[in-house]
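> Below is one structure. I have some questions about it.
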Amino acid sequence: MWELLWLGGFSTILLVFLLPETSHANILLRRAERLRALTGNLAYRSQEEITNAKRTPGLVFQEAILRPFQITVLDPSIGFANVYTGLVYAFYYTFFVAFPIVYGPEVFNFSFGAQGVVYVSIIVGGIVGFIIYVGYQLLYMNGYWYPTRGWPVNEKRLEPAIISSAFAPIGLFIFAWTSRVECHWIGSCIGTALYALSNFITLQCIFFYIVLSYPAYAASILAANDLLRATAATGFLHIGIPMFRTLHIDGGVSLLAGLTCFGVPGIYLIYRYGARLRAKSRFAVGDSQ
């Protein structure tokens, strides 16, 4: 737990002191506060202050708590994103339950310390996914698309996810069918790295798409998404060991891989028809810059 505390504390310092404010409403609010302090003129007020003065506690509760779930039910894009990311997290944590079985005495018979080192393959996959995703944004989108073709439709942010989502079942199938005594342990680690790479890129694309398409409700939608992901992961953790004991590692992880395949056409359908769905949505906006 000390390691988590160190990482969390370091990240908190970076976010609090180095992450710039990007909310237009908050920037204008602070500007109005500075003008009132400098001039003494209380007439300087931001639009957010004027709007908030008319809000009742009931309206705030509705917008902050009820609205995200309303959007999830009424908006197909958000509904799919929340369900899909919830399943990704659920399968991810269920997949981790297989590690002590695969790398313990039953298969590869690693020592307790060596079993911990195996998780480095997740870090490797995440780092490679980070490099690919950042490279796509900096070199392709910023370096080529914006200067030559202008601001794209929001669905273009999902292009990497179409490819990366296909690597999730591939990585799981590799892990499932190389987690046996007659195979070298590096095969299962490669499958794990591919799975981690896939999840990183796919989730980043989905979250970016949500923020661009639903800026007014992005924070609430992402909070509801986080709640759904955590709830799904918690629930699936309880079925991991019974499933792997019944179906064994190859069958259990293959089942997860097969279910993950359904997300690939879902990502493509949102990419293909997302703009039409947003045009009919009362919550989404256009292709904002």
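Ordered as shown in the structure tokens, chains take letters A, B, and onward, while each chain numbers its residues from 1 and ligands are numbered from 1 in the order shown.
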Which residues, written as a list in words, have at least one atom at most 10 Å from Gly116 in chain A, with only C-alpha atoms counted and residues fewer than 3 positions away on the same chain left out?
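Residues near the query, excluding close chain neighbours: Phe99, Pro100, Tyr103, Phe110, Ser111, Phe112, Gly113, Tyr119 and Val120 of chain A.
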> Selection from above, N, CA, C and O atoms, as an mmCIF file, in the first residue's frame, can you write it?

data_model
loop_
_atom_site.group_PDB
_atom_site.id
_atom_site.type_symbol
_atom_site.label_atom_id
_atom_site.label_comp_id
_atom_site.auth_asym_id
_atom_site.auth_seq_id
_atom_site.Cartn_x
_atom_site.Cartn_y
_atom_site.Cartn_z
ATOM 1 N N PHE A 99 -3.756 -14.838 -12.533
ATOM 2 C CA PHE A 99 -2.306 -14.763 -12.389
ATOM 3 C C PHE A 99 -1.751 -15.707 -11.320
ATOM 4 O O PHE A 99 -0.795 -16.447 -11.580
ATOM 5 N N PRO A 100 -2.298 -15.696 -10.087
ATOM 6 C CA PRO A 100 -1.749 -16.614 -9.070
ATOM 7 C C PRO A 100 -1.895 -18.085 -9.457
ATOM 8 O O PRO A 100 -1.090 -18.916 -9.029
ATOM 9 N N TYR A 103 0.836 -18.566 -12.646
ATOM 10 C CA TYR A 103 2.251 -18.444 -12.300
ATOM 11 C C TYR A 103 2.588 -19.057 -10.942
ATOM 12 O O TYR A 103 3.724 -18.982 -10.494
ATOM 13 N N PHE A 110 6.229 -20.324 -10.314
ATOM 14 C CA PHE A 110 7.115 -19.209 -9.985
ATOM 15 C C PHE A 110 7.154 -19.012 -8.470
ATOM 16 O O PHE A 110 6.202 -19.348 -7.758
ATOM 17 N N SER A 111 8.245 -18.439 -8.009
ATOM 18 C CA SER A 111 8.310 -18.042 -6.607
ATOM 19 C C SER A 111 7.371 -16.857 -6.373
ATOM 20 O O SER A 111 6.897 -16.212 -7.313
ATOM 21 N N PHE A 112 7.109 -16.551 -5.112
ATOM 22 C CA PHE A 112 6.189 -15.459 -4.787
ATOM 23 C C PHE A 112 6.695 -14.133 -5.355
ATOM 24 O O PHE A 112 5.930 -13.345 -5.907
ATOM 25 N N GLY A 113 8.004 -13.887 -5.244
ATOM 26 C CA GLY A 113 8.566 -12.650 -5.779
ATOM 27 C C GLY A 113 8.493 -12.585 -7.288
ATOM 28 O O GLY A 113 8.187 -11.543 -7.874
ATOM 29 N N TYR A 119 3.754 -8.896 -13.375
ATOM 30 C CA TYR A 119 2.875 -7.743 -13.595
ATOM 31 C C TYR A 119 3.583 -6.622 -14.354
ATOM 32 O O TYR A 119 2.917 -5.683 -14.809
ATOM 33 N N VAL A 120 4.890 -6.712 -14.495
ATOM 34 C CA VAL A 120 5.620 -5.715 -15.281
ATOM 35 C C VAL A 120 5.150 -5.734 -16.734
ATOM 36 O O VAL A 120 5.216 -4.719 -17.434
#
> With range 250-269 of chain A as the partner and 12 Å as the cut-off, tabulate the residues of range 125-188 of chain A that qualify, each row holding the nearest pair of atoms and their distance in Å to one decimal, using only C-alpha atoms, sorted by chain and rising number, as a tab-separated table.

residue	atom	partner	partner_atom	distance
A:Glu155	CA	A:Tyr268	CA	9.7
A:Lys156	CA	A:Tyr268	CA	10.8
A:Arg157	CA	A:Ile267	CA	11.2
A:Leu158	CA	A:Ile267	CA	7.5
A:Glu159	CA	A:Tyr268	CA	8.4
A:Pro160	CA	A:Ile267	CA	10.1
A:Ala161	CA	A:Ile267	CA	7.1
A:Ile162	CA	A:Tyr268	CA	6.0
A:Ile163	CA	A:Val264	CA	8.3
A:Ser164	CA	A:Val264	CA	8.9
A:Ser165	CA	A:Val264	CA	5.6
A:Ala166	CA	A:Val264	CA	6.0
A:Phe167	CA	A:Cys261	CA	9.4
A:Ala168	CA	A:Thr260	CA	6.9
A:Pro169	CA	A:Ala257	CA	4.3
A:Ile170	CA	A:Ala257	CA	7.4
A:Gly171	CA	A:Ala257	CA	8.2
A:Leu172	CA	A:Ala257	CA	5.4
A:Phe173	CA	A:Ser254	CA	5.7
A:Ile174	CA	A:Ser254	CA	9.1
A:Phe175	CA	A:Val253	CA	7.6
A:Ala176	CA	A:Asp250	CA	4.3
A:Trp177	CA	A:Asp250	CA	5.6
A:Thr178	CA	A:Asp250	CA	8.3
A:Ser179	CA	A:Asp250	CA	7.2
A:Arg180	CA	A:Asp250	CA	8.6
A:Ser188	CA	A:Asp250	CA	11.2
> Which of range 15-94 of chain A end up as alpha helix (DSSP H) when DSSP is run on this backbone - answer as an MDAnalysis selection string?
chainID A and resid 15:18 24:39 47:53 57:61 67:74 76:94
> How many Å lie between CA of Asn82 in chain A and CA of Leu222 in chain A, rounded to one decimal?
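Rounded to one decimal, the two atoms are 8.8 Å apart.
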> Set the distance at 10 Å and use only C-alpha atoms: which residues neighbour Thr234 in chain A once local chain neighbours fewer than 3 positions away are removed? I'd like the list as a list in words.
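The residues satisfying every condition are Tyr89, Ala90, Tyr93, Thr94, Leu228, Arg229, Ala230, Thr231, Leu237, His238 and Ile239 of chain A.
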> Keeping C-alpha atoms, export the residues of the selection given above as an mmCIF file, in the first residue's frame.

data_model
loop_
_atom_site.group_PDB
_atom_site.id
_atom_site.type_symbol
_atom_site.label_atom_id
_atom_site.label_comp_id
_atom_site.auth_asym_id
_atom_site.auth_seq_id
_atom_site.Cartn_x
_atom_site.Cartn_y
_atom_site.Cartn_z
ATOM 1 C CA TYR A 89 -12.772 -3.107 -16.247
ATOM 2 C CA ALA A 90 -14.741 -6.163 -15.082
ATOM 3 C CA TYR A 93 -9.816 -7.454 -12.887
ATOM 4 C CA THR A 94 -11.273 -10.930 -13.428
ATOM 5 C CA LEU A 228 -20.239 1.765 -13.226
ATOM 6 C CA ARG A 229 -16.718 0.519 -13.975
ATOM 7 C CA ALA A 230 -15.852 0.085 -10.294
ATOM 8 C CA THR A 231 -19.170 -1.642 -9.556
ATOM 9 C CA LEU A 237 -14.073 -10.361 -8.981
ATOM 10 C CA HIS A 238 -16.303 -12.749 -7.062
ATOM 11 C CA ILE A 239 -16.861 -15.015 -10.063
#
> Name the residues in contact with range 127-137 of chain A at a cut-off of 12 Å, using only C-alpha atoms, excluding same-chain residues fewer than 2 positions from it; report them as an NGL selection string.
:A and (120-125 or 139-146 or 156-161 or 163-165 or 167 or 193-205 or 208)
> Between CA of Val117 in chain A and CA of Ile249 in chain A, what is the distance, to one decimal in Å?
20.0 Å
